[in-house]
Structures are given as C-alpha cells and as structure tokens.
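A.B. asks: My file is entry.csv. It has CSV, C-alpha atoms:
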```csv
chain,number,residue,atom,x,y,z
A,677,MET,CA,11.9,-45.4,-8.7
A,678,SER,CA,9.6,-46.2,-11.6
A,679,GLU,CA,10.9,-46.3,-15.1
A,680,PRO,CA,10.6,-42.9,-16.9
A,681,GLU,CA,7.7,-42.7,-19.3
A,682,ALA,CA,9.1,-42.3,-22.9
A,683,GLY,CA,8.8,-38.7,-24.1
A,684,PHE,CA,7.7,-37.4,-20.7
A,685,ASP,CA,10.0,-34.7,-19.4
A,686,ALA,CA,9.4,-34.9,-15.6
A,687,HIS,CA,11.5,-31.8,-14.9
A,688,ALA,CA,9.8,-29.7,-17.5
A,689,ALA,CA,8.8,-26.5,-15.7
A,690,VAL,CA,5.2,-25.5,-15.5
A,691,THR,CA,3.6,-22.4,-14.1
A,692,ASN,CA,0.1,-21.0,-13.3
A,693,GLY,CA,1.4,-17.6,-14.6
A,694,ALA,CA,2.3,-16.2,-17.9
A,695,ALA,CA,6.1,-16.2,-17.4
A,696,SER,CA,8.4,-18.4,-19.4
A,697,ALA,CA,11.1,-20.6,-17.9
A,698,THR,CA,14.1,-19.0,-19.6
A,699,PRO,CA,17.5,-19.7,-17.9
A,700,ARG,CA,18.8,-16.6,-16.4
A,701,LEU,CA,22.4,-15.8,-17.3
A,702,PRO,CA,24.5,-14.8,-15.6
A,703,ALA,CA,23.6,-16.2,-12.2
A,704,PHE,CA,22.9,-13.8,-9.5
A,705,PRO,CA,26.4,-13.2,-8.1
A,706,GLY,CA,27.1,-13.3,-4.4
A,707,PRO,CA,30.0,-12.6,-2.2
A,708,GLN,CA,31.6,-15.9,-3.2
A,709,GLY,CA,31.6,-15.2,-6.9
A,710,THR,CA,30.1,-17.1,-9.8
A,711,GLU,CA,29.3,-20.7,-10.4
A,712,THR,CA,31.4,-23.6,-11.4
A,713,GLY,CA,30.5,-26.4,-13.8
A,714,PRO,CA,28.5,-29.5,-13.0
A,715,PRO,CA,28.5,-31.9,-11.2
A,716,GLY,CA,29.4,-30.7,-7.7
A,717,GLU,CA,28.9,-27.2,-9.0
A,718,LEU,CA,28.3,-24.4,-6.5
A,719,GLY,CA,25.3,-22.5,-7.9
A,720,MET,CA,24.0,-19.2,-6.8
A,721,ALA,CA,26.4,-17.9,-4.1
A,722,SER,CA,24.6,-16.8,-1.0
A,723,GLY,CA,23.4,-13.2,-1.0
A,724,LEU,CA,23.5,-11.5,2.3
A,725,GLY,CA,20.9,-8.8,1.5
A,726,ASP,CA,21.1,-5.2,2.3
A,727,GLY,CA,22.2,-3.5,5.4
A,728,GLU,CA,24.2,-6.4,7.0
A,729,GLY,CA,27.6,-7.7,6.7
A,730,ALA,CA,28.8,-11.3,7.1
A,731,VAL,CA,27.0,-13.6,9.5
A,732,GLU,CA,27.5,-12.8,13.1
A,733,GLY,CA,30.4,-15.1,14.1
A,734,ASP,CA,29.0,-18.6,14.6
A,735,ILE,CA,25.5,-18.9,13.3
A,736,GLY,CA,24.6,-21.2,16.1
A,737,GLU,CA,25.7,-19.0,18.9
A,738,ALA,CA,24.4,-15.8,17.4
A,739,SER,CA,20.9,-16.9,16.6
A,740,PHE,CA,19.6,-19.7,18.6
A,741,GLY,CA,17.2,-19.4,21.4
A,742,GLU,CA,16.2,-22.0,23.9
A,743,LYS,CA,15.2,-25.5,23.1
A,744,ASP,CA,11.6,-26.4,23.4
A,745,ALA,CA,11.2,-27.1,27.1
A,746,ALA,CA,8.3,-29.4,26.6
A,747,GLY,CA,10.5,-31.7,24.6
A,748,GLU,CA,7.5,-33.1,22.7
A,749,GLY,CA,9.0,-36.1,21.0
A,750,GLY,CA,8.0,-39.2,19.1
A,751,GLY,CA,6.3,-39.4,15.8
A,752,VAL,CA,7.4,-39.8,12.3
A,753,ALA,CA,9.2,-36.5,11.6
A,754,ILE,CA,10.5,-36.2,15.1
A,755,ILE,CA,13.1,-39.0,15.4
A,756,GLY,CA,13.7,-39.9,19.0
A,757,SER,CA,13.5,-36.8,21.2
A,758,ASP,CA,12.7,-33.4,19.8
A,759,ASP,CA,16.0,-31.6,19.4
A,760,ARG,CA,14.9,-28.6,17.4
A,761,GLU,CA,15.9,-25.2,18.7
A,762,LEU,CA,13.9,-22.0,18.5
A,763,VAL,CA,15.5,-19.3,16.4
A,764,THR,CA,14.8,-15.8,17.8
A,765,HIS,CA,17.1,-13.6,15.8
A,766,THR,CA,15.0,-13.9,12.7
A,767,GLY,CA,15.7,-10.4,11.5
A,768,HIS,CA,19.3,-11.4,10.8
A,769,TYR,CA,20.8,-13.4,7.9
A,770,LEU,CA,20.4,-16.3,7.2
A,771,TRP,CA,17.2,-16.6,9.2
A,772,ARG,CA,15.5,-13.7,7.5
A,773,ALA,CA,15.9,-15.5,4.1
A,774,ILE,CA,13.5,-18.1,5.4
A,775,ALA,CA,9.7,-17.4,5.2
A,776,SER,CA,6.6,-18.8,6.8
A,777,LEU,CA,3.9,-19.6,4.3
A,778,ARG,CA,0.1,-19.3,4.7
A,779,ILE,CA,-1.2,-21.2,1.8
A,780,THR,CA,-4.8,-20.8,0.5
A,781,ALA,CA,-5.7,-23.8,-1.7
A,782,ARG,CA,-8.1,-23.8,-4.6
A,783,ASP,CA,-11.0,-24.8,-2.4
A,784,GLY,CA,-10.2,-22.1,0.2
A,785,SER,CA,-8.6,-24.5,2.7
A,786,LEU,CA,-5.6,-23.1,4.6
A,787,TRP,CA,-2.2,-24.7,5.0
A,788,VAL,CA,1.2,-23.9,6.6
A,789,GLY,CA,4.6,-24.3,5.0
A,790,THR,CA,8.1,-22.9,4.6
A,791,ALA,CA,10.1,-21.4,1.8
A,792,TRP,CA,13.5,-19.7,1.3
A,793,PHE,CA,14.8,-17.0,-1.0
A,794,ILE,CA,17.2,-17.9,-3.9
A,795,SER,CA,17.0,-14.4,-5.5
A,796,PRO,CA,15.3,-11.1,-4.9
A,797,ARG,CA,11.8,-12.3,-6.1
A,798,THR,CA,12.0,-16.0,-5.9
A,799,LEU,CA,11.5,-18.5,-3.1
A,800,ILE,CA,11.9,-22.2,-3.3
A,801,THR,CA,9.5,-24.6,-1.5
A,802,ALA,CA,8.0,-28.1,-1.8
A,803,GLY,CA,5.9,-28.8,-4.9
A,804,HIS,CA,3.0,-29.7,-2.6
A,805,CYS,CA,3.0,-26.2,-1.2
A,806,VAL,CA,2.2,-24.6,-4.6
A,807,PHE,CA,0.3,-27.5,-6.3
A,808,ILE,CA,-1.8,-29.9,-4.3
A,809,HIS,CA,-1.8,-33.4,-5.8
A,810,GLY,CA,-3.6,-36.5,-4.9
A,811,ASN,CA,-6.0,-35.1,-2.3
A,812,ALA,CA,-9.2,-37.1,-1.7
A,813,ASN,CA,-11.1,-33.8,-2.2
A,814,PRO,CA,-10.8,-33.1,-6.0
A,815,ASN,CA,-11.8,-29.5,-5.5
A,816,ARG,CA,-8.6,-29.0,-3.6
A,817,ASN,CA,-6.2,-30.4,-6.2
A,818,GLY,CA,-4.3,-28.1,-8.5
A,819,TRP,CA,-2.4,-24.8,-8.2
A,820,VAL,CA,-3.0,-23.1,-4.9
A,821,SER,CA,-4.8,-19.8,-5.1
A,822,SER,CA,-2.4,-17.6,-3.1
A,823,ILE,CA,0.4,-17.8,-0.6
A,824,GLU,CA,1.2,-15.2,2.0
A,825,VAL,CA,5.0,-15.0,2.4
A,826,VAL,CA,6.3,-13.7,5.7
A,827,PRO,CA,10.2,-13.6,5.8
A,828,GLY,CA,11.9,-13.8,9.1
A,829,ARG,CA,8.7,-14.2,11.0
A,830,ASN,CA,9.0,-14.6,14.8
A,831,GLY,CA,5.6,-15.1,16.3
A,832,SER,CA,3.7,-11.9,15.9
A,833,GLN,CA,6.8,-10.0,14.7
A,834,ARG,CA,7.1,-9.6,10.9
A,835,PRO,CA,10.3,-7.7,10.5
A,836,PHE,CA,9.9,-7.4,6.7
A,837,GLY,CA,6.1,-7.3,6.6
A,838,SER,CA,4.6,-9.8,4.2
A,839,LEU,CA,3.7,-10.2,0.5
A,840,THR,CA,1.0,-12.3,-1.2
A,841,SER,CA,2.0,-14.2,-4.3
A,842,LYS,CA,-0.3,-15.8,-6.9
A,843,THR,CA,2.5,-16.9,-9.3
A,844,PHE,CA,4.1,-20.3,-8.8
A,845,TRP,CA,6.3,-22.8,-10.6
A,846,SER,CA,6.7,-26.5,-10.4
A,847,VAL,CA,7.5,-29.4,-12.7
A,848,ARG,CA,5.3,-31.8,-14.7
A,849,GLY,CA,6.6,-34.8,-12.8
A,850,TRP,CA,4.9,-33.3,-9.7
A,851,THR,CA,1.9,-31.6,-11.2
A,852,GLU,CA,0.9,-34.4,-13.6
A,853,LYS,CA,2.2,-37.5,-11.9
A,854,GLY,CA,2.5,-36.6,-8.2
A,855,ASP,CA,6.0,-38.1,-8.2
A,856,GLN,CA,7.4,-37.6,-4.7
A,857,ASN,CA,10.9,-37.6,-6.3
A,858,LEU,CA,10.0,-34.3,-8.0
A,859,ASP,CA,8.3,-32.5,-5.2
A,860,TYR,CA,9.6,-29.0,-5.6
A,861,GLY,CA,8.4,-25.6,-6.7
A,862,ALA,CA,8.9,-21.9,-6.6
A,863,ILE,CA,7.0,-18.8,-5.4
A,864,ILE,CA,7.4,-15.6,-7.4
A,865,LEU,CA,6.9,-12.3,-5.7
A,866,ASP,CA,5.9,-9.0,-7.5
A,867,GLN,CA,8.5,-7.1,-5.5
A,868,PRO,CA,12.2,-7.9,-4.8
A,869,PHE,CA,11.8,-8.7,-1.1
A,870,GLY,CA,14.9,-10.8,-1.3
A,871,GLN,CA,17.1,-7.7,-1.7
A,872,ASN,CA,16.4,-6.9,1.9
A,873,THR,CA,16.5,-10.5,3.3
A,874,GLY,CA,19.3,-12.0,1.3
A,875,TRP,CA,19.1,-15.4,-0.2
A,876,PHE,CA,20.5,-18.9,0.0
A,877,GLY,CA,23.1,-20.4,-2.2
A,878,TYR,CA,22.4,-23.8,-3.7
A,879,GLY,CA,24.4,-26.4,-5.5
A,880,VAL,CA,24.8,-29.9,-7.0
A,881,PHE,CA,27.1,-32.2,-5.0
A,882,ASP,CA,28.4,-35.7,-5.4
A,883,ASP,CA,27.2,-38.5,-3.1
A,884,ASN,CA,30.5,-38.6,-1.3
A,885,LYS,CA,30.2,-34.9,-0.4
A,886,LEU,CA,26.7,-35.2,0.9
A,887,VAL,CA,26.6,-38.5,2.9
A,888,GLY,CA,27.8,-37.7,6.4
A,889,ALA,CA,27.8,-33.9,5.8
A,890,GLN,CA,26.3,-31.9,8.6
A,891,ALA,CA,23.0,-30.7,7.2
A,892,HIS,CA,20.6,-28.1,8.6
A,893,VAL,CA,16.8,-27.6,8.3
A,894,ALA,CA,15.1,-24.5,9.6
A,895,GLY,CA,11.4,-24.0,9.1
A,896,TYR,CA,8.0,-23.0,10.6
A,897,PRO,CA,6.4,-26.1,12.2
A,898,ALA,CA,2.8,-26.1,13.1
A,899,ASP,CA,3.3,-28.2,16.3
A,900,LYS,CA,4.9,-25.2,18.0
A,901,GLN,CA,3.0,-22.3,19.5
A,902,PRO,CA,1.6,-20.3,17.7
A,903,PRO,CA,1.3,-22.8,14.9
A,904,GLY,CA,3.5,-22.1,11.9
A,905,ALA,CA,4.7,-18.8,13.3
A,906,THR,CA,8.1,-19.5,14.9
A,907,LEU,CA,11.3,-20.6,13.3
A,908,TRP,CA,12.9,-23.9,14.5
A,909,HIS,CA,16.3,-25.4,13.5
A,910,HIS,CA,18.0,-28.7,13.8
A,911,ALA,CA,21.1,-30.1,12.3
A,912,LEU,CA,22.5,-33.6,11.9
A,913,PRO,CA,24.6,-35.5,9.3
A,914,ILE,CA,22.9,-36.7,6.1
A,915,SER,CA,22.4,-40.4,6.4
A,916,SER,CA,22.0,-41.4,2.8
A,917,VAL,CA,21.2,-40.2,-0.7
A,918,SER,CA,19.7,-41.5,-3.9
A,919,PRO,CA,19.7,-39.7,-7.3
A,920,PRO,CA,16.5,-37.8,-6.6
A,921,LYS,CA,16.5,-37.6,-2.8
A,922,VAL,CA,18.4,-36.8,0.4
A,923,PHE,CA,17.6,-38.6,3.7
A,924,TYR,CA,18.4,-37.3,7.1
A,925,PRO,CA,17.4,-37.9,10.8
A,926,ILE,CA,16.9,-34.1,11.3
A,927,ASP,CA,13.7,-33.4,13.4
A,928,THR,CA,10.9,-31.7,11.5
A,929,ALA,CA,7.1,-31.4,11.8
A,930,GLY,CA,4.1,-30.5,9.7
A,931,GLY,CA,4.6,-26.9,8.4
A,932,GLN,CA,8.3,-27.4,7.6
A,933,SER,CA,7.6,-28.7,4.1
A,934,GLY,CA,9.6,-26.6,1.7
A,935,ALA,CA,12.5,-25.7,4.1
A,936,ALA,CA,16.0,-25.7,2.7
A,937,VAL,CA,18.2,-28.6,3.6
A,938,TYR,CA,21.5,-26.8,3.6
A,939,LEU,CA,25.2,-27.1,4.4
A,940,LEU,CA,27.3,-24.3,5.7
A,941,GLU,CA,30.2,-23.4,3.3
A,942,ASN,CA,32.4,-20.7,4.8
A,943,ASN,CA,29.6,-20.0,7.2
A,944,LEU,CA,27.1,-19.3,4.4
A,945,PRO,CA,24.1,-21.6,3.6
A,946,VAL,CA,24.2,-23.7,0.4
A,947,ALA,CA,21.0,-25.7,-0.1
A,948,VAL,CA,21.3,-29.3,-1.3
A,949,ALA,CA,17.7,-30.4,-1.0
A,950,ILE,CA,14.1,-29.1,-0.4
A,951,HIS,CA,12.6,-30.8,2.7
A,952,ALA,CA,9.3,-32.5,1.8
A,953,TYR,CA,8.5,-35.7,3.7
A,954,GLY,CA,8.5,-37.1,7.2
A,955,GLY,CA,9.3,-40.8,7.5
A,956,SER,CA,9.4,-43.5,10.2
A,957,THR,CA,13.2,-43.5,10.5
A,958,SER,CA,14.3,-40.6,8.5
A,959,ASN,CA,13.0,-37.5,6.8
A,960,SER,CA,13.7,-36.6,3.2
A,961,GLY,CA,13.9,-33.9,0.7
A,962,THR,CA,14.1,-33.4,-3.1
A,963,ARG,CA,17.7,-33.4,-4.0
A,964,ILE,CA,19.1,-30.5,-5.9
A,965,ASN,CA,20.6,-32.5,-8.8
A,966,SER,CA,21.5,-31.0,-12.2
A,967,ALA,CA,17.9,-31.0,-13.4
A,968,VAL,CA,16.6,-29.4,-10.3
A,969,TYR,CA,19.4,-26.9,-10.3
A,970,GLN,CA,18.6,-25.8,-13.8
A,971,ASN,CA,15.0,-25.1,-12.9
A,972,LEU,CA,16.1,-23.1,-9.8
A,973,ARG,CA,18.2,-21.0,-12.2
A,974,ARG,CA,15.3,-20.6,-14.6
A,975,TRP,CA,13.0,-19.5,-11.8
A,976,SER,CA,15.4,-16.9,-10.3
A,977,LEU,CA,14.2,-13.4,-10.7
B,879,MET,CA,-6.9,-43.0,-0.6
B,880,THR,CA,-9.1,-42.1,2.3
B,881,GLU,CA,-10.3,-38.7,3.6
B,882,ILE,CA,-9.7,-38.2,7.3
B,883,VAL,CA,-12.2,-35.6,8.3
B,884,GLY,CA,-13.0,-34.1,11.7
B,885,THR,CA,-13.6,-31.1,13.9
B,886,VAL,CA,-11.4,-29.5,16.5
B,887,THR,CA,-13.2,-28.2,19.5
B,888,GLY,CA,-12.3,-26.5,22.7
B,889,PRO,CA,-13.0,-27.5,26.3
B,890,SER,CA,-16.6,-26.2,26.1
B,891,GLY,CA,-17.2,-27.9,22.8
B,892,GLY,CA,-17.0,-24.8,20.6
B,893,PRO,CA,-15.1,-25.0,17.3
B,894,ILE,CA,-11.5,-23.9,17.2
B,895,ALA,CA,-10.6,-22.1,14.0
B,896,GLU,CA,-7.0,-22.1,12.7
B,897,ALA,CA,-5.9,-25.0,14.7
B,898,ALA,CA,-3.1,-26.8,12.9
B,899,VAL,CA,-3.6,-30.4,12.0
B,900,TYR,CA,-0.7,-32.5,10.7
B,901,PHE,CA,0.5,-36.1,10.3
B,902,LEU,CA,2.8,-37.3,13.1
B,903,GLU,CA,3.1,-40.9,11.9
B,904,GLY,CA,1.8,-43.1,9.2
B,905,PRO,CA,2.6,-46.3,7.2
B,906,VAL,CA,4.4,-44.3,4.4
B,907,PRO,CA,6.4,-41.1,4.2
B,908,LEU,CA,3.9,-38.2,4.4
B,909,PRO,CA,4.2,-34.5,3.4
B,910,ASP,CA,5.3,-32.2,6.1
B,911,ILE,CA,2.6,-29.7,5.5
B,912,ALA,CA,-0.1,-28.7,8.1
B,913,GLN,CA,-3.7,-27.8,7.5
B,914,LEU,CA,-5.4,-25.0,9.5
B,915,THR,CA,-9.0,-25.7,10.5
B,916,ASP,CA,-11.7,-23.5,9.0
B,917,GLY,CA,-14.1,-21.2,10.8
B,918,GLU,CA,-16.1,-24.2,12.1
B,919,GLY,CA,-13.1,-26.1,13.3
B,920,ARG,CA,-13.1,-28.6,10.4
B,921,PHE,CA,-10.2,-30.2,8.8
B,922,GLN,CA,-9.7,-32.8,6.0
B,923,LEU,CA,-6.5,-34.7,5.4
B,924,THR,CA,-5.8,-37.5,2.9
B,925,ALA,CA,-4.4,-40.8,4.0
B,926,PRO,CA,-2.8,-42.2,0.8
B,927,THR,CA,-2.9,-45.9,1.9
B,928,PRO,CA,-4.5,-48.1,4.6
B,929,GLY,CA,-2.8,-48.2,7.9
B,930,THR,CA,-2.5,-46.5,11.3
B,931,TYR,CA,-2.1,-42.7,11.2
B,932,ARG,CA,-1.3,-40.5,14.1
B,933,LEU,CA,-2.4,-36.9,13.8
B,934,GLY,CA,-1.1,-33.9,15.8
B,935,VAL,CA,-3.3,-30.9,16.6
B,936,ARG,CA,-2.1,-27.6,17.9
B,937,GLY,CA,-4.7,-24.9,18.5
B,938,PRO,CA,-3.6,-21.3,19.3
B,939,GLY,CA,-3.2,-21.1,23.0
B,940,PHE,CA,-3.9,-24.8,23.6
B,941,ALA,CA,-1.7,-27.7,24.5
B,942,ALA,CA,-0.8,-30.1,21.7
B,943,ALA,CA,-3.1,-33.0,21.2
B,944,GLU,CA,-2.9,-36.2,19.2
B,945,VAL,CA,-5.4,-38.7,17.7
B,946,THR,CA,-4.8,-42.1,16.2
B,947,VAL,CA,-6.9,-43.1,13.2
B,948,GLU,CA,-7.2,-46.5,11.6
B,949,VAL,CA,-7.7,-46.3,7.9
B,950,GLY,CA,-8.9,-49.5,6.2
B,951,GLY,CA,-9.5,-48.3,2.7
B,952,GLU,CA,-12.9,-46.7,3.2
B,953,ALA,CA,-13.7,-43.4,1.5
B,954,GLU,CA,-13.9,-41.5,4.8
B,955,VAL,CA,-12.8,-41.8,8.4
B,956,VAL,CA,-13.9,-39.3,11.1
B,957,ALA,CA,-11.6,-38.1,13.8
B,958,GLU,CA,-12.9,-35.6,16.4
B,959,VAL,CA,-10.4,-33.7,18.5
B,960,ARG,CA,-11.2,-31.9,21.8
B,961,LEU,CA,-8.5,-29.6,23.0
B,962,SER,CA,-7.9,-28.8,26.6
```
Mind turning the file's structure into structure tokens?
C.D. replies:
Amino acid sequence: MSEPEAGFDAHAAVTNGAASATPRLPAFPGPQGTETGPPGELGMASGLGDGEGAVEGDIGEASFGEKDAAGEGGGVAIIGSDDRELVTHTGHYLWRAIASLRITARDGSLWVGTAWFISPRTLITAGHCVFIHGNANPNRNGWVSSIEVVPGRNGSQRPFGSLTSKTFWSVRGWTEKGDQNLDYGAIILDQPFGQNTGWFGYGVFDDNKLVGAQAHVAGYPADKQPPGATLWHHALPISSVSPPKVFYPIDTAGGQSGAAVYLLENNLPVAVAIHAYGGSTSNSGTRINSAVYQNLRRWSL
Amino acid sequence: MTEIVGTVTGPSGGPIAEAAVYFLEGPVPLPDIAQLTDGEGRFQLTAPTPGTYRLGVRGPGFAAAEVTVEVGGEAEVVAEVRLS
C-alpha cells in the first residue's frame, strides 16, 4: 500500500448529486438492536423487510437451486472448479436484498454488476460500478450516467420490478486516485425499495474474527445464462486480510463486482467487505473498516 | 494501459448485441465487472498492464466462449469472437 498523500482524505465521500454526507443518527435499527462501538462493532443490524419473518430455517437448504451442471471452471475468479450454486428463491430474504445492476456509463457503454441494500434507499456496490476510473477510453471515465437496479432478479422474473438511479456516492481515493483499496460506492434510490426487500447488516471486525470465518458471496455473474440475470452463491473461509482488503477463494465472475462479502450471524447476513477483484489465487473485496463503515452510515437513507 | 477491442459475432457472422465480455484471467487482479456489447456487437476493455489476458464471452442463448489476448504495451489490441 502506498504512503498516504499528506492532506488527502482518501475516504472523503464524493457524490454526483446534491446530497451531503451527513452521518445518520441513529442507525437504522434492525431486529438485533442497535450498534456497538468500534472496533469489532456490529453496524446496521439486518432488516428483513416487509411481509416476511425470519429466514426460512437454514438459508442454504431453503434457497439454493442446483449447481451449474456445466461446471465451467478455470480462470482467475473461478478458483479450481466452479462451485457456485444457483439461487432460485430470490423473492425471499436475504436474496431479495441483492440486486442485479445494468450500468450505463458516461459514453453509453453498458455494464453488469451487483449491489445490496443497507437501508430502504441505499445499495452498496464497488466503486468501479458507479465511477469508472482508468479506462483507456477517456470518454468513459467518470460517474456513470445511470444504473438500473433489479432486486431479487431471477432470469426474466423481477419480483420487485426495477428502479433507475442517477445518484451515486464514492470516495476521493477511488474517484481521484483509482486506489483499489478504496473501491467502494453507493447507489441512492428515489424510492424506499429496501422497505420491501430488507437489507444487510454490516460491521467492522478484528482480523482474528475474519480470518478463517465462513464468508459468502452472492451476485449476478455474466458468465451464466442469461448474462447477469441470475443469482449465484458460494461460500468458503476467508483466507487472509489486510487493513483495507479481505481475500477469499470464493468463486466469482465478471458481473459480481459489488456483491457483499458477508458472514451469517444468528442466520442473518452481516457484510464485512464489498467484492471487487478477481485474482489468480484468490479474489478480494474492499474491507469494511472503520472509515468505510462511517461512509456506509453516512450514505444510508 | 491497452485497449482490447473487438466484435462478438454469431455463427453466420452477424453481430451479437448485449453479449457479456469479462476478464477470466490476467497478470494482475482485475475488476469483476462485465461489459455488454453494443448494437453492433462491439466491446472495449482496458488491460492495465502488459501480459496475457483471457476474456470470457457469453451471448444470450449461446455457449460460453473464450479468447486469449497478448498485450505488449501497444495502444490497442483487437480480439474478434465468434459464438457458436
């Protein structure tokens, strides 16, 4: 990690909209109550959304469909064989709190990503899903023009419809420096979709808690049919962490950028990172450390 | 950085719009975002550094395809993909 530039606040929040980044107090309460202090604080408790009780027994048994029979493996983000499993019950929590993204960049190019609700109007995703940095085409770089958000999508099924957002947040370390350690952002909706879908919890945890913990990633990969339209999940222990990142051998593919990397606490999802990169031996996400946590709080609406 | 540009076509050579193109492998960690081809089947990804890149392509209704691209630091590399 490079030395920080004097006077440069890499985690300073920036937006393409007119909103200010004022910390919201109190936090959106969830069924588990309010937050505790840092570090190792448990932030927004998971909200289940309207019209549904607790998760249906074991999340794995209730929601997973079949594995991809083709077993297409290899490649950087798929480590070894492809062990992702199709999720078919996307109308149910927690899956409905995950959304496929259809991103229109500044130059009109189209992209596929993933995001997840942290509050009724706010989804979290990778910074490069809301602000393109370092593309060889300069007309493409900058804030994306719009993102169509489809929560709980399952192929052609859109159980909650869709909304298009044009308001995004990220941080200066990503938008000005393209620092991969600061690759995170938010999508703000005009309507409180998340009241229907529920949302994820998120928190700051010590290294000892994270390394070896069973982590989950569920997102909308473009290597499945139809591209970016079905939800796939895989879980494995976190292999290592650094102050800004979390590393894991969980299988992912293009389109899953922005997915939550989450633990299950009392059978409810608590995000610990935002998936962003595929690597040769492990994939990685932006760790929810104290600075990231504070921005997620600020962005919650 | 180098632009990897190309066109995705079908078995008869016609362009395939909204085919997903994404990195499968490269010399450095790469963002897990996928591009959709435009109405003329075109795509453009950025290779951040020289090396060997493997791209995956998934067109609606087509089997997945792959193409390997060698990037040596030039401004642009062309990669054409025909789906079957």
A.B. asks: Using only C-alpha atoms and a cut-off of 9 Å, which residues of chain B sit close to chain A? Please list them as a ChimeraX atom specification.
C.D. replies: /B:879-881,896-916,921-926,932,934-942,953
A.B. asks: How many Å separate atom CA of A:Leu865 from atom CA of A:Arg797?
C.D. replies: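 Taking atom CA of A:Leu865 as the start and atom CA of A:Arg797 as the end point, the length is 4.9 Å.
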A.B. asks: Just give me the gap between atom CA of A:Tyr860 and atom CA of A:Thr801 in Å, one decimal is fine.
C.D. replies: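 Here the two named atoms are 6.0 Å from each other.
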A.B. asks: Find the residues around A:Ser846 up to 7 Å (all atoms listed in the file counted), leave out those fewer than 2 positions away in its own chain, and share them as a PyMOL selection string.
C.D. replies: chain A and resi 689-691+803+844+848+860-862
A.B. asks: Show me the residues around (16.2, -29.5, -11.4) - criterion: an atom at most 8 Å away, all atoms listed in the file counted - as an MDAnalysis selection string.
C.D. replies: chainID A and resid 687 964:972
A.B. asks: Please work out which residues fall within 9 Å of (19.4, -37.2, -7.0), coordinates as given in the file, with all atoms listed in the file counting, and return them as a count of residues only.
C.D. replies: 14
A.B. asks: Need the shell around B:Gly950: protein/DNA/RNA residues with any atom at most 9 Å away, counting only C-alpha atoms. Skip same-chain ones fewer than 5 positions apart. Format as a list in words?
C.D. replies: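 Contacts, with the query itself left out: Thr880, Thr927, Pro928, Gly929, Thr930 and Val955 of chain B.
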A.B. asks: State, in Å with one decimal place, the distance from atom CA of B:Gly891 to atom CA of B:Val956.
C.D. replies: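 Atom-to-atom, atom CA of B:Gly891 to atom CA of B:Val956, that is 16.7 Å.
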A.B. asks: Skip A:Leu912 itself and residues of its chain fewer than 3 positions away, then list as a list in words all residues within 8 Å of it, counting only C-alpha atoms.
C.D. replies: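 Non-adjacent residues within range: Gln890, Ala891, His892, Tyr924, Pro925 and Ile926 of chain A.
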A.B. asks: Write the residues of the preceding selection, restricted to C-alpha atoms, as an mmCIF file, in the coordinates of the input.
C.D. replies:
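File result_30.cif, as written:
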```cif
data_model
loop_
_atom_site.group_PDB
_atom_site.id
_atom_site.type_symbol
_atom_site.label_atom_id
_atom_site.label_comp_id
_atom_site.auth_asym_id
_atom_site.auth_seq_id
_atom_site.Cartn_x
_atom_site.Cartn_y
_atom_site.Cartn_z
ATOM 1 C CA GLN A 890 26.300 -31.900 8.600
ATOM 2 C CA ALA A 891 23.000 -30.700 7.200
ATOM 3 C CA HIS A 892 20.600 -28.100 8.600
ATOM 4 C CA TYR A 924 18.400 -37.300 7.100
ATOM 5 C CA PRO A 925 17.400 -37.900 10.800
ATOM 6 C CA ILE A 926 16.900 -34.100 11.300
#
```
A.B. asks: Measuring between all atoms listed in the file, which one of A:Ala889, A:Gly818, A:Leu777, A:Trp875 shows the shortest distance to A:Thr840?
C.D. replies: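 For A:Thr840, the nearest of the given residues is A:Leu777.
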A.B. asks: Once you've located stretch 850-865 of chain A in the structure I gave, write it as an mmCIF file, in the first residue's frame, keeping N, CA and C atoms.
C.D. replies:
```
data_model
loop_
_atom_site.group_PDB
_atom_site.id
_atom_site.type_symbol
_atom_site.label_atom_id
_atom_site.label_comp_id
_atom_site.auth_asym_id
_atom_site.auth_seq_id
_atom_site.Cartn_x
_atom_site.Cartn_y
_atom_site.Cartn_z
ATOM 1 N N TRP A 850 -10.939 6.633 -4.568
ATOM 2 C CA TRP A 850 -11.274 5.900 -5.783
ATOM 3 C C TRP A 850 -11.442 6.853 -6.974
ATOM 4 N N THR A 851 -12.237 7.888 -6.796
ATOM 5 C CA THR A 851 -12.563 8.727 -7.946
ATOM 6 C C THR A 851 -11.356 9.537 -8.433
ATOM 7 N N GLU A 852 -10.478 9.954 -7.533
ATOM 8 C CA GLU A 852 -9.341 10.776 -7.959
ATOM 9 C C GLU A 852 -8.060 9.971 -8.155
ATOM 10 N N LYS A 853 -7.907 8.909 -7.387
ATOM 11 C CA LYS A 853 -6.655 8.152 -7.443
ATOM 12 C C LYS A 853 -6.799 6.751 -8.042
ATOM 13 N N GLY A 854 -8.019 6.249 -8.155
ATOM 14 C CA GLY A 854 -8.189 4.886 -8.645
ATOM 15 C C GLY A 854 -7.547 3.862 -7.724
ATOM 16 N N ASP A 855 -7.527 4.159 -6.415
ATOM 17 C CA ASP A 855 -6.898 3.266 -5.441
ATOM 18 C C ASP A 855 -7.786 2.045 -5.232
ATOM 19 N N GLN A 856 -7.279 0.876 -5.595
ATOM 20 C CA GLN A 856 -8.078 -0.342 -5.499
ATOM 21 C C GLN A 856 -8.403 -0.719 -4.059
ATOM 22 N N ASN A 857 -7.700 -0.108 -3.108
ATOM 23 C CA ASN A 857 -8.026 -0.349 -1.710
ATOM 24 C C ASN A 857 -9.252 0.442 -1.254
ATOM 25 N N LEU A 858 -9.723 1.316 -2.109
ATOM 26 C CA LEU A 858 -10.829 2.209 -1.773
ATOM 27 C C LEU A 858 -11.944 2.097 -2.804
ATOM 28 N N ASP A 859 -12.088 0.918 -3.357
ATOM 29 C CA ASP A 859 -13.028 0.666 -4.437
ATOM 30 C C ASP A 859 -14.387 0.312 -3.832
ATOM 31 N N TYR A 860 -15.159 1.332 -3.470
ATOM 32 C CA TYR A 860 -16.498 1.099 -2.949
ATOM 33 C C TYR A 860 -17.361 2.319 -3.212
ATOM 34 N N GLY A 861 -18.675 2.107 -3.269
ATOM 35 C CA GLY A 861 -19.577 3.201 -3.546
ATOM 36 C C GLY A 861 -21.007 2.835 -3.201
ATOM 37 N N ALA A 862 -21.897 3.776 -3.431
ATOM 38 C CA ALA A 862 -23.308 3.587 -3.094
ATOM 39 C C ALA A 862 -24.197 4.077 -4.221
ATOM 40 N N ILE A 863 -25.356 3.461 -4.308
ATOM 41 C CA ILE A 863 -26.412 3.836 -5.242
ATOM 42 C C ILE A 863 -27.597 4.298 -4.411
ATOM 43 N N ILE A 864 -28.111 5.477 -4.711
ATOM 44 C CA ILE A 864 -29.225 6.027 -3.955
ATOM 45 C C ILE A 864 -30.479 5.987 -4.819
ATOM 46 N N LEU A 865 -31.530 5.417 -4.269
ATOM 47 C CA LEU A 865 -32.798 5.331 -4.986
ATOM 48 C C LEU A 865 -33.727 6.474 -4.581
#
```
